>>> print(open('query18.cif').read())   # mmCIF, C-alpha atoms and all ligand atoms
data_query
loop_
_atom_site.label_atom_id
_atom_site.label_comp_id
_atom_site.auth_asym_id
_atom_site.auth_seq_id
_atom_site.Cartn_x
_atom_site.Cartn_y
_atom_site.Cartn_z
CA MET A 803 14.66 1.71 -19.80
CA GLN A 804 11.28 1.53 -21.48
CA ARG A 805 9.78 1.98 -18.04
CA ALA A 806 11.75 5.19 -17.40
CA LEU A 807 10.70 6.59 -20.77
CA ASP A 808 7.05 5.80 -20.13
CA ASP A 809 7.16 7.42 -16.69
CA ALA A 810 8.77 10.55 -18.03
CA LYS A 811 5.65 11.26 -20.05
CA VAL A 812 3.21 10.66 -17.20
CA PRO A 813 3.70 13.13 -14.33
CA LEU A 814 0.58 11.83 -12.56
CA SER A 815 2.40 8.51 -12.10
CA TRP A 816 5.57 10.03 -10.63
CA MET A 817 6.61 9.19 -7.09
CA PRO A 818 7.84 12.17 -4.99
CA GLU A 819 11.49 11.24 -5.70
CA GLN A 820 10.84 11.49 -9.44
CA TRP A 821 9.35 14.93 -9.01
CA GLN A 822 12.45 15.98 -7.12
CA GLN A 823 14.74 14.54 -9.77
CA VAL A 824 12.89 16.40 -12.52
CA MET A 825 13.38 19.64 -10.60
CA VAL A 826 17.08 18.98 -10.10
CA ASP A 827 17.41 18.22 -13.84
CA LEU A 828 15.76 21.58 -14.55
CA GLY A 829 18.21 23.36 -12.24
CA GLN A 830 15.55 23.97 -9.59
CA PRO A 831 15.72 23.28 -5.86
CA ARG A 832 14.63 19.76 -4.90
CA TYR A 833 11.76 21.02 -2.69
CA ARG A 834 9.96 22.31 -5.77
CA GLY A 835 9.35 18.66 -6.64
CA GLN A 836 7.78 18.08 -3.27
CA GLN A 837 5.55 21.07 -3.90
CA GLY A 838 4.54 19.74 -7.32
CA PHE A 839 3.47 16.39 -5.86
CA GLU A 840 1.51 18.06 -3.08
CA TRP A 841 -0.28 20.48 -5.37
CA ILE A 842 -1.22 17.77 -7.85
CA TRP A 843 -2.62 15.37 -5.23
CA GLN A 844 -3.68 17.46 -2.23
CA HIS A 845 -4.82 20.62 -4.02
CA ALA A 846 -5.93 18.69 -7.14
CA VAL A 847 -4.81 21.48 -9.51
CA ASP A 848 -5.95 21.20 -13.12
CA ASP A 849 -2.69 22.51 -14.57
CA TYR A 850 0.74 23.75 -13.56
CA ASP A 851 -0.39 27.35 -13.71
CA GLN A 852 -2.41 26.75 -10.56
CA ILE A 853 0.68 25.77 -8.57
CA LEU A 854 0.94 29.20 -7.02
CA VAL A 855 4.08 28.47 -5.00
CA TRP A 856 6.08 27.90 -8.22
CA PRO A 857 7.66 30.75 -10.20
CA LYS A 858 5.88 31.47 -13.47
CA THR A 859 8.89 30.39 -15.56
CA LEU A 860 8.84 26.93 -13.94
CA ARG A 861 5.11 26.56 -14.51
CA GLN A 862 5.58 27.36 -18.21
CA LEU A 863 8.57 25.05 -18.57
CA MET A 864 6.71 22.15 -16.97
CA GLN A 865 3.70 22.77 -19.20
CA GLN A 866 5.94 22.56 -22.27
CA ARG A 867 7.91 19.50 -21.19
CA TYR A 868 5.52 17.46 -19.07
CA PRO A 869 1.91 18.36 -19.82
CA PHE A 870 -0.73 16.37 -17.98
CA GLN A 871 -4.47 16.01 -18.17
CA ARG A 872 -6.78 15.00 -15.34
CA LEU A 873 -9.60 12.55 -15.90
CA ARG A 874 -12.79 14.04 -17.27
CA SER A 875 -16.17 12.86 -16.09
CA GLU A 876 -18.56 11.94 -18.84
CA THR A 877 -21.50 10.63 -16.84
CA VAL A 878 -22.28 10.98 -13.16
CA GLN A 879 -25.18 8.94 -11.79
CA GLU A 880 -26.33 9.35 -8.21
CA ALA A 881 -28.66 6.80 -6.64
CA ALA A 882 -31.20 7.53 -3.91
CA ASP A 883 -28.81 6.09 -1.30
CA THR A 884 -26.07 8.51 -2.60
CA THR A 885 -24.06 5.72 -4.27
CA THR A 886 -22.43 7.60 -7.14
CA LYS A 887 -21.19 6.04 -10.32
CA ILE A 888 -18.91 8.01 -12.60
CA LEU A 889 -17.87 7.22 -16.15
CA PHE A 890 -14.46 8.81 -16.68
CA ARG A 891 -12.92 9.62 -20.04
CA LEU A 892 -9.17 9.14 -20.24
CA ALA A 893 -6.82 11.31 -22.29
CA ASP A 894 -7.01 8.85 -25.23
CA GLN A 895 -10.84 8.88 -25.07
CA GLN A 896 -11.07 5.43 -23.50
CA ARG A 897 -13.55 5.13 -20.66
CA VAL A 898 -13.59 3.49 -17.24
CA GLU A 899 -16.00 3.60 -14.36
CA THR A 900 -15.62 4.41 -10.70
CA VAL A 901 -18.18 3.98 -7.92
CA VAL A 902 -18.36 5.91 -4.65
CA LEU A 903 -20.27 4.06 -1.94
CA PRO A 904 -21.76 5.22 1.36
CA HIS A 905 -21.24 2.98 4.42
CA ALA A 906 -21.90 3.28 8.13
CA TYR A 907 -18.14 3.76 8.69
CA GLY A 908 -17.65 6.38 5.96
CA THR A 909 -17.16 6.39 2.21
CA SER A 910 -15.40 3.85 0.01
CA ILE A 911 -14.48 4.01 -3.65
CA CYS A 912 -14.25 1.22 -6.18
CA VAL A 913 -11.66 2.01 -8.87
CA SER A 914 -10.90 0.44 -12.25
CA SER A 915 -7.43 -0.84 -13.14
CA GLN A 916 -7.82 -1.67 -16.85
CA VAL A 917 -9.98 -0.59 -19.78
CA GLY A 918 -12.02 -3.79 -20.04
CA CYS A 919 -10.77 -7.20 -18.97
CA ASN A 920 -9.38 -10.18 -20.82
CA LEU A 921 -10.34 -12.89 -18.36
CA GLY A 922 -13.85 -13.43 -19.64
CA CYS A 923 -15.69 -14.55 -16.50
CA THR A 924 -19.08 -15.62 -17.78
CA PHE A 925 -21.14 -13.57 -15.28
CA CYS A 926 -19.26 -10.24 -15.56
CA ALA A 927 -19.92 -7.24 -17.82
CA SER A 928 -16.28 -6.08 -17.76
CA GLY A 929 -15.10 -9.02 -19.81
CA LEU A 930 -17.68 -8.58 -22.56
CA LEU A 931 -15.58 -6.20 -24.65
CA GLY A 932 -12.14 -7.60 -23.75
CA ARG A 933 -9.25 -5.49 -22.55
CA THR A 934 -8.21 -2.44 -24.55
CA ARG A 935 -5.31 -1.37 -22.34
CA ASN A 936 -3.95 -1.11 -18.82
CA LEU A 937 -4.41 2.05 -16.78
CA ASN A 938 -1.27 3.70 -15.49
CA ALA A 939 -0.86 4.42 -11.77
CA GLY A 940 -1.79 8.10 -12.17
CA GLU A 941 -5.03 7.22 -13.95
CA ILE A 942 -6.01 4.87 -11.13
CA LEU A 943 -5.18 7.46 -8.46
CA ASP A 944 -6.88 10.28 -10.33
CA GLN A 945 -10.17 8.35 -10.12
CA VAL A 946 -10.00 8.86 -6.35
CA VAL A 947 -9.19 12.56 -6.55
CA MET A 948 -11.67 13.45 -9.28
CA ALA A 949 -14.45 11.34 -7.73
CA SER A 950 -13.91 13.23 -4.46
CA ARG A 951 -14.70 16.42 -6.36
CA LEU A 952 -17.81 14.98 -7.94
CA MET A 953 -19.40 13.01 -5.12
CA PRO A 954 -22.32 14.49 -3.18
CA ALA A 955 -21.16 17.08 -0.65
CA SER A 956 -23.09 15.25 2.07
CA MET A 957 -20.75 12.23 1.86
CA PRO A 958 -17.83 11.95 4.28
CA PRO A 959 -14.37 11.94 2.66
CA ILE A 960 -13.21 8.70 1.03
CA SER A 961 -11.49 6.48 3.60
CA ARG A 962 -11.30 3.10 1.82
CA VAL A 963 -10.25 2.15 -1.69
CA ASP A 964 -11.22 -1.11 -3.42
CA LEU A 965 -9.49 -2.25 -6.60
CA MET A 966 -12.71 -3.90 -7.68
CA GLY A 967 -13.87 -1.90 -10.69
CA ILE A 968 -13.22 -2.79 -14.32
CA GLY A 969 -10.20 -4.98 -14.93
CA GLU A 970 -8.03 -7.55 -13.23
CA PRO A 971 -5.58 -5.62 -11.01
CA LEU A 972 -2.98 -8.38 -10.97
CA ASP A 973 -2.99 -8.44 -14.78
CA ASN A 974 -1.65 -4.87 -14.53
CA TYR A 975 0.73 -5.64 -11.72
CA GLN A 976 3.38 -2.95 -12.00
CA GLU A 977 1.02 0.02 -12.29
CA VAL A 978 -1.32 -1.28 -9.60
CA VAL A 979 1.53 -1.71 -7.10
CA ARG A 980 2.77 1.73 -8.02
CA PHE A 981 -0.72 3.13 -7.45
CA ILE A 982 -0.80 1.54 -3.98
CA ARG A 983 2.53 3.14 -3.12
CA LEU A 984 1.42 6.50 -4.57
CA ILE A 985 -1.84 6.72 -2.64
CA HIS A 986 0.06 5.91 0.55
CA GLN A 987 2.46 8.88 0.23
CA PRO A 988 2.15 11.26 3.20
CA GLN A 989 2.53 14.29 0.87
CA GLY A 990 -0.36 12.95 -1.22
CA LEU A 991 -3.54 11.22 -0.08
CA ASN A 992 -1.76 9.44 2.81
CA LEU A 993 -4.05 6.39 2.76
CA GLY A 994 -3.03 3.46 4.98
CA TYR A 995 -2.39 0.13 3.24
CA ARG A 996 -4.95 -1.49 5.48
CA HIS A 997 -7.61 0.74 3.95
CA ILE A 998 -7.01 -0.79 0.52
CA THR A 999 -8.54 -4.00 -0.85
CA LEU A 1000 -7.30 -5.64 -4.03
CA SER A 1001 -9.72 -8.07 -5.64
CA THR A 1002 -8.35 -10.74 -7.95
CA SER A 1003 -9.81 -13.55 -9.99
CA GLY A 1004 -6.80 -15.61 -8.90
CA LEU A 1005 -3.60 -14.97 -10.87
CA VAL A 1006 -1.53 -17.26 -8.68
CA PRO A 1007 2.06 -16.15 -9.49
CA ALA A 1008 1.08 -12.51 -8.95
CA ILE A 1009 -0.48 -13.34 -5.56
CA TYR A 1010 2.89 -14.77 -4.43
CA ARG A 1011 4.66 -11.73 -5.80
CA LEU A 1012 2.32 -9.33 -4.03
CA ALA A 1013 2.83 -11.18 -0.74
CA ASP A 1014 6.52 -10.21 -0.94
CA GLU A 1015 5.97 -6.48 -1.63
CA ASP A 1016 5.57 -5.48 2.01
CA LEU A 1017 2.26 -3.81 1.19
CA PRO A 1018 -0.26 -5.23 3.65
CA VAL A 1019 -3.37 -4.54 1.58
CA THR A 1020 -6.38 -6.82 2.01
CA LEU A 1021 -6.61 -9.49 -0.65
CA ALA A 1022 -10.06 -10.43 -1.91
CA VAL A 1023 -10.17 -13.57 -4.05
CA SER A 1024 -13.10 -14.00 -6.42
CA LEU A 1025 -13.99 -17.62 -5.75
CA HIS A 1026 -17.61 -18.06 -6.89
CA ALA A 1027 -17.42 -21.88 -6.75
CA PRO A 1028 -15.95 -24.45 -4.35
CA ASN A 1029 -14.88 -27.00 -7.01
CA ASN A 1030 -12.91 -26.86 -10.23
CA ALA A 1031 -15.65 -28.11 -12.54
CA LEU A 1032 -18.02 -25.29 -11.62
CA ARG A 1033 -15.34 -22.63 -11.20
CA SER A 1034 -13.86 -23.35 -14.63
CA ARG A 1035 -17.32 -22.93 -16.13
CA LEU A 1036 -17.71 -19.51 -14.52
CA MET A 1037 -14.09 -18.33 -14.66
CA PRO A 1038 -11.85 -19.56 -17.50
CA ILE A 1039 -8.78 -18.51 -15.44
CA ASN A 1040 -9.48 -21.51 -13.21
CA ARG A 1041 -8.15 -23.80 -15.94
CA ALA A 1042 -4.73 -22.20 -15.65
CA TYR A 1043 -4.83 -21.76 -11.85
CA PRO A 1044 -7.20 -24.33 -10.36
CA LEU A 1045 -8.19 -24.41 -6.70
CA GLU A 1046 -5.29 -26.64 -5.65
CA LYS A 1047 -2.96 -23.83 -6.78
CA LEU A 1048 -5.14 -20.87 -5.80
CA MET A 1049 -5.94 -21.85 -2.23
CA PRO A 1050 -2.31 -22.32 -1.11
CA ALA A 1051 -1.45 -18.97 -2.73
CA ALA A 1052 -4.25 -17.22 -0.81
CA ARG A 1053 -3.14 -18.93 2.41
CA HIS A 1054 0.45 -17.88 1.78
CA TYR A 1055 -0.66 -14.28 1.28
CA SER A 1056 -2.55 -14.36 4.54
CA GLU A 1057 0.38 -15.81 6.47
CA GLN A 1058 2.91 -13.46 4.93
CA THR A 1059 0.93 -10.25 5.50
CA GLY A 1060 -1.04 -11.15 8.61
CA ARG A 1061 -4.17 -10.04 6.76
CA ARG A 1062 -7.35 -12.11 6.67
CA VAL A 1063 -8.25 -12.99 3.08
CA THR A 1064 -11.78 -12.34 1.82
CA PHE A 1065 -13.42 -14.72 -0.64
CA GLU A 1066 -16.03 -13.19 -2.89
CA TYR A 1067 -18.90 -15.31 -4.05
CA ALA A 1068 -21.50 -13.94 -6.49
CA MET A 1069 -24.77 -15.81 -5.95
CA LEU A 1070 -26.13 -17.24 -9.21
CA ARG A 1071 -29.50 -18.90 -9.08
CA ASP A 1072 -29.39 -22.69 -9.50
CA VAL A 1073 -25.76 -22.48 -10.58
CA ASN A 1074 -23.63 -22.08 -7.44
CA ASP A 1075 -26.21 -21.42 -4.73
CA SER A 1076 -27.38 -24.86 -3.59
CA LEU A 1077 -27.12 -25.71 0.10
CA GLU A 1078 -24.92 -28.63 -0.85
CA THR A 1079 -22.57 -26.19 -2.57
CA ALA A 1080 -22.55 -24.11 0.64
CA ARG A 1081 -21.39 -27.18 2.56
CA GLU A 1082 -18.72 -27.84 -0.05
CA LEU A 1083 -17.54 -24.24 0.29
CA ALA A 1084 -17.41 -24.60 4.07
CA ASP A 1085 -15.31 -27.78 3.66
CA LEU A 1086 -12.93 -26.01 1.29
CA LEU A 1087 -12.37 -23.19 3.79
CA ALA A 1088 -12.46 -25.26 6.99
CA GLY A 1089 -9.80 -24.27 9.52
CA TRP A 1090 -9.03 -20.93 7.83
CA SER A 1091 -9.22 -17.52 9.37
CA CYS A 1092 -10.87 -16.01 6.31
CA HIS A 1093 -14.03 -14.18 5.43
CA VAL A 1094 -16.67 -14.98 2.82
CA ASN A 1095 -18.57 -12.15 1.18
CA LEU A 1096 -21.70 -13.28 -0.64
CA ILE A 1097 -22.49 -10.86 -3.47
CA PRO A 1098 -26.04 -10.59 -4.78
CA TRP A 1099 -25.40 -10.88 -8.51
CA ASN A 1100 -26.15 -7.75 -10.53
CA PRO A 1101 -27.92 -8.89 -13.68
CA VAL A 1102 -26.02 -8.39 -16.94
CA PRO A 1103 -28.58 -8.69 -19.77
CA GLU A 1104 -26.13 -10.38 -22.16
CA GLU A 1105 -25.44 -13.18 -19.70
CA PRO A 1106 -27.49 -16.32 -19.07
CA PHE A 1107 -27.82 -16.06 -15.28
CA GLN A 1108 -30.36 -15.02 -12.68
CA PRO A 1109 -29.61 -13.66 -9.22
CA SER A 1110 -30.30 -16.04 -6.35
CA PRO A 1111 -33.41 -15.22 -4.34
CA MET A 1112 -32.51 -13.43 -1.10
CA MET A 1113 -33.98 -16.29 0.97
CA ARG A 1114 -31.50 -18.65 -0.65
CA VAL A 1115 -28.60 -16.25 -0.11
CA ARG A 1116 -29.45 -16.13 3.61
CA SER A 1117 -29.70 -19.94 3.93
CA PHE A 1118 -26.38 -20.27 2.12
CA ARG A 1119 -24.80 -17.80 4.54
CA ASP A 1120 -26.23 -19.65 7.54
CA ILE A 1121 -24.61 -22.91 6.46
CA VAL A 1122 -21.21 -21.28 5.95
CA GLN A 1123 -21.49 -19.57 9.34
CA GLN A 1124 -22.55 -22.78 11.08
CA ASN A 1125 -19.20 -24.16 9.98
CA ALA A 1126 -17.40 -21.45 11.95
CA ILE A 1127 -16.51 -19.38 8.88
CA SER A 1128 -17.13 -15.66 8.95
CA CYS A 1129 -19.67 -14.86 6.22
CA THR A 1130 -21.66 -11.76 5.31
CA ILE A 1131 -23.96 -10.71 2.51
CA ARG A 1132 -22.86 -7.62 0.61
CA LYS A 1133 -25.34 -4.81 0.98
CA GLU A 1134 -26.80 -3.86 -2.35
CA LEU A 1135 -26.06 -0.21 -3.03
CA GLY A 1136 -27.14 1.97 -5.90
CA GLN A 1137 -28.97 -0.81 -7.68
CA GLU A 1138 -30.85 1.49 -9.98
CA ILE A 1139 -27.65 2.85 -11.57
CA ASP A 1140 -26.11 -0.10 -13.42
CA ALA A 1141 -24.13 -0.99 -10.31
CA ALA A 1142 -22.50 -4.14 -11.71
CA CYS A 1143 -18.84 -3.75 -12.56
CA GLY A 1144 -18.33 -2.70 -16.13
CA GLN A 1145 -22.03 -2.46 -16.85
CA LEU A 1146 -22.24 1.29 -17.29
CA ARG A 1147 -19.20 1.34 -19.54
CA HIS A 1148 -20.45 -1.59 -21.54
CA ARG A 1149 -23.85 0.00 -22.06
CA GLU A 1150 -22.30 3.32 -23.02
CA GLU A 1151 -19.89 1.66 -25.44
CA ALA A 1152 -22.78 -0.18 -27.06
CA ASP A 1153 -24.78 3.05 -27.28
CA HIS A 1154 -21.84 4.92 -28.77
CA ARG A 1155 -21.33 2.28 -31.40
CA SER A 1156 -24.94 2.46 -32.46
CA GLU A 1157 -25.72 6.15 -32.00
CA GLY A 1158 -22.49 8.12 -31.94
CA ILE A 1159 -21.32 10.09 -28.92
CA ARG A 1160 -23.86 11.68 -26.60
CA GLN A 1161 -23.39 13.96 -23.64
CA PHE A 1162 -25.23 13.42 -20.37
CA ALA A 1163 -25.75 16.08 -17.75
CA PRO A 1164 -24.26 14.87 -14.46
CA GLY A 1165 -26.78 12.86 -12.47
CA ILE A 1166 -29.51 13.11 -15.07
CA SER A 1167 -30.25 10.52 -17.70
CA GLU A 1168 -31.57 11.36 -21.12
CA ASN A 1169 -35.20 11.25 -20.10
CA GLY A 1170 -34.52 13.68 -17.25
CA GLU A 1171 -34.78 11.04 -14.54
CA PRO A 1172 -31.96 10.70 -12.02
CA GLY A 1173 -29.36 8.29 -13.51
N1 LIG B 1201 -11.06 -8.66 -11.74
C1 LIG B 1201 -11.14 -8.63 -10.34
C2 LIG B 1201 -11.70 -7.35 -9.77
C3 LIG B 1201 -12.86 -6.73 -10.47
S1 LIG B 1201 -14.40 -7.57 -10.33
C4 LIG B 1201 -11.89 -9.84 -9.82
O1 LIG B 1201 -12.47 -10.56 -10.62
O2 LIG B 1201 -11.85 -10.07 -8.61
C5 LIG B 1201 -14.86 -7.28 -8.64
C6 LIG B 1201 -15.82 -8.33 -8.08
O3 LIG B 1201 -17.13 -8.20 -8.66
C7 LIG B 1201 -15.38 -9.75 -8.36
O4 LIG B 1201 -15.58 -10.57 -7.24
C8 LIG B 1201 -16.31 -10.14 -9.46
O5 LIG B 1201 -16.42 -11.53 -9.56
C9 LIG B 1201 -17.59 -9.47 -9.07
N2 LIG B 1201 -18.57 -9.30 -10.14
C10 LIG B 1201 -18.35 -9.17 -11.46
N3 LIG B 1201 -19.51 -9.02 -12.12
C11 LIG B 1201 -20.50 -9.04 -11.20
C12 LIG B 1201 -21.92 -8.93 -11.25
N4 LIG B 1201 -22.55 -8.78 -12.39
N5 LIG B 1201 -22.60 -9.00 -10.08
C13 LIG B 1201 -21.95 -9.15 -8.90
N6 LIG B 1201 -20.62 -9.26 -8.79
C14 LIG B 1201 -19.89 -9.21 -9.92
FE1 LIG B 1202 -12.33 -9.62 -15.30
FE2 LIG B 1202 -12.89 -9.71 -12.67
FE3 LIG B 1202 -14.85 -9.46 -14.50
FE4 LIG B 1202 -13.54 -11.76 -14.30
S1 LIG B 1202 -14.85 -10.81 -12.71
S2 LIG B 1202 -14.07 -10.70 -16.24
S3 LIG B 1202 -11.50 -11.05 -13.82
S4 LIG B 1202 -13.25 -7.99 -14.07
#
>>> encode(input="query18.cif", output="structure tokens")
Amino acid sequence: MQRALDDAKVPLSWMPEQWQQVMVDLGQPRYRGQQGFEWIWQHAVDDYDQILVWPKTLRQLMQQRYPFQRLRSETVQEAADTTTKILFRLADQQRVETVVLPHAYGTSICVSSQVGCNLGCTFCASGLLGRTRNLNAGEILDQVVMASRLMPASMPPISRVDLMGIGEPLDNYQEVVRFIRLIHQPQGLNLGYRHITLSTSGLVPAIYRLADEDLPVTLAVSLHAPNNALRSRLMPINRAYPLEKLMPAARHYSEQTGRRVTFEYAMLRDVNDSLETARELADLLAGWSCHVNLIPWNPVPEEPFQPSPMMRVRSFRDIVQQNAISCTIRKELGQEIDAACGQLRHREEADHRSEGIRQFAPGISENGEPG
């Protein structure tokens, strides 16, 4: 019941059937609901008054009963390689960040699922301020639509979505699953499930639950260490769901969905990057059809780590590959624009606390240099 009440206030989170039901309740034909959904997501209207196919009385009624507000961009930073990072302000003034990334195959977007994160991984900026709240499905989807408006015109349209921004998606399970269903709607953005990657720090029960949803999205598991002692040091969640629970869950997901699981591994100098650790990782994953993505760590000033030298990252990759495990190094994009997850938001929050709110012109930092 609570759920229904919450949804009623958030039109951007409505599925097409809910739009139709609202229209029926208002004495309107069902197809008006279909039109509403299409105009919100395909035409990206800013308010009901722009839904030109609706009669004026309906537009006014909807505005009175179900007002909505799109995300507002506060900062837009564009790097030389066109990677674009956007700080969005939500209706309640909270902020999240979204990154649009250029690739050889097209454009991908990395969206946030929570305001902050409660899981406190020791190398990540998102956990520094803790979690303020979950995003609802409409707020996650609106990052894709509003970022499409703001990204450089030279970029091809967004064709892949990664739930890899601020937050732990499986700690906001219901809204994240709803977002995945919403973005897949043919009358909306019509994105195939296989074009979506969900990255998790390893909330084991939620991985099993997701495997049963019939949503074949790619699962990326943030591993970062091949043994419990090291992983628990980097990721407190490992104490609740250690590797002997996490690995079978990831394997189950892979078997159930037919999707190859990706393991993410941020390379931290002299912490998890020794060649012996690479061999241990290869042993852990032996016999799996999985993929390892080595991530050059983006420095977070508050945290006591250094990125691994690139030579070491390559040697580490070679050892994993020699053990017949697919392994690549993530290309570093947009390095000059606080590209680490949660870093821009964290810096802005810190600045706001000390200096009060400032406005940035899109793409230009305060000293007039590009972001
Ligand atoms: N909470 C989820 C998704 C968001 S983080 C998760 O942990 O998987 C997305 C990825 O970025 C994770 O693999 C995370 O470990 C990694 N990451 C976090 N901070 C990073 C940093 N400073 N440099 C490189 N990767 C980082
Ligand atoms: Fe949260 Fe993921 Fe960052 Fe860990 S790595 S603190 S789970 S966002």
>>> residues_near_ligand(input="query18.cif", ligand="ligand LIG 1202 (chain B)", cutoff="6 Å", atoms="all atoms listed in the file", output="list of chain:residue names")
A:Cys919, A:Leu921, A:Gly922, A:Cys923, A:Cys926, A:Ser928, A:Gly929, A:Ile968, A:Gly969, A:Glu970, A:Ser1003
>>> residues_around(input="query18.cif", residues="range 1005-1013 of chain A", least_positions_apart="6", cutoff="12 Å", atoms="only C-alpha atoms", output="PyMOL selection string")
chain A and resi 921+970-976+978-980+982+1019-1025+1037-1061+1063
>>> atom_distance(input="query18.cif", atom1="CA of Arg861 in chain A", atom2="CA of Trp841 in chain A")
12.2 Å
>>> closest_residue(input="query18.cif", among="A:Ile985, A:Ala1088, A:Val913, A:Val826", to="ligand LIG 1201 (chain B)", atoms="all atoms listed in the file")
A:Val913
>>> closest_residue(input="query18.cif", among="A:Leu943, A:Leu965, A:Met1113, A:Ile842", to="ligand LIG 1201 (chain B)", atoms="all atoms listed in the file")
A:Leu965
>>> atom_distance(input="query18.cif", atom1="CA of Gln916 in chain A", atom2="CA of Asn936 in chain A")
4.4 Å
>>> closest_residue(input="query18.cif", among="A:Thr924, A:Gly990, A:Gln830, A:Asn1125", to="Ser1034 in chain A", atoms="only C-alpha atoms")
A:Thr924
>>> build_atoms(input="query18.cif", residues="range 824-830 of chain A", atoms="all heavy atoms", output="mmCIF file, in the coordinates of the input")
data_model
loop_
_atom_site.group_PDB
_atom_site.id
_atom_site.type_symbol
_atom_site.label_atom_id
_atom_site.label_comp_id
_atom_site.auth_asym_id
_atom_site.auth_seq_id
_atom_site.Cartn_x
_atom_site.Cartn_y
_atom_site.Cartn_z
ATOM 1 N N VAL A 824 13.226 15.526 -11.380
ATOM 2 C CA VAL A 824 12.890 16.400 -12.520
ATOM 3 C C VAL A 824 13.290 17.841 -12.212
ATOM 4 O O VAL A 824 13.862 18.543 -13.052
ATOM 5 C CB VAL A 824 11.374 16.288 -12.857
ATOM 6 C CG1 VAL A 824 10.930 17.391 -13.808
ATOM 7 C CG2 VAL A 824 11.065 14.914 -13.459
ATOM 8 N N MET A 825 13.024 18.269 -10.986
ATOM 9 C CA MET A 825 13.380 19.640 -10.600
ATOM 10 C C MET A 825 14.891 19.847 -10.630
ATOM 11 O O MET A 825 15.381 20.861 -11.137
ATOM 12 C CB MET A 825 12.841 19.958 -9.199
ATOM 13 C CG MET A 825 11.346 20.071 -9.153
ATOM 14 S SD MET A 825 10.730 21.368 -10.246
ATOM 15 C CE MET A 825 9.217 20.642 -10.803
ATOM 16 N N VAL A 826 15.622 18.872 -10.102
ATOM 17 C CA VAL A 826 17.080 18.980 -10.100
ATOM 18 C C VAL A 826 17.574 19.054 -11.555
ATOM 19 O O VAL A 826 18.417 19.894 -11.900
ATOM 20 C CB VAL A 826 17.705 17.766 -9.361
ATOM 21 C CG1 VAL A 826 19.213 17.725 -9.550
ATOM 22 C CG2 VAL A 826 17.353 17.833 -7.882
ATOM 23 N N ASP A 827 17.003 18.212 -12.430
ATOM 24 C CA ASP A 827 17.410 18.220 -13.840
ATOM 25 C C ASP A 827 17.112 19.575 -14.502
ATOM 26 O O ASP A 827 17.769 19.969 -15.462
ATOM 27 C CB ASP A 827 16.686 17.108 -14.622
ATOM 28 C CG ASP A 827 17.141 15.721 -14.168
ATOM 29 O OD1 ASP A 827 18.153 15.636 -13.437
ATOM 30 O OD2 ASP A 827 16.460 14.733 -14.510
ATOM 31 N N LEU A 828 16.101 20.257 -13.988
ATOM 32 C CA LEU A 828 15.760 21.580 -14.550
ATOM 33 C C LEU A 828 16.514 22.705 -13.851
ATOM 34 O O LEU A 828 16.233 23.885 -14.070
ATOM 35 C CB LEU A 828 14.242 21.833 -14.420
ATOM 36 C CG LEU A 828 13.309 20.945 -15.246
ATOM 37 C CD1 LEU A 828 11.847 21.252 -14.919
ATOM 38 C CD2 LEU A 828 13.559 21.134 -16.742
ATOM 39 N N GLY A 829 17.425 22.356 -12.954
ATOM 40 C CA GLY A 829 18.210 23.360 -12.240
ATOM 41 C C GLY A 829 17.429 24.049 -11.130
ATOM 42 O O GLY A 829 17.751 25.154 -10.713
ATOM 43 N N GLN A 830 16.394 23.408 -10.657
ATOM 44 C CA GLN A 830 15.550 23.970 -9.590
ATOM 45 C C GLN A 830 15.897 23.321 -8.249
ATOM 46 O O GLN A 830 16.430 22.209 -8.222
ATOM 47 C CB GLN A 830 14.071 23.656 -9.907
ATOM 48 C CG GLN A 830 13.528 24.352 -11.121
ATOM 49 C CD GLN A 830 13.213 25.812 -10.850
ATOM 50 O OE1 GLN A 830 12.870 26.193 -9.738
ATOM 51 N NE2 GLN A 830 13.346 26.643 -11.875
#
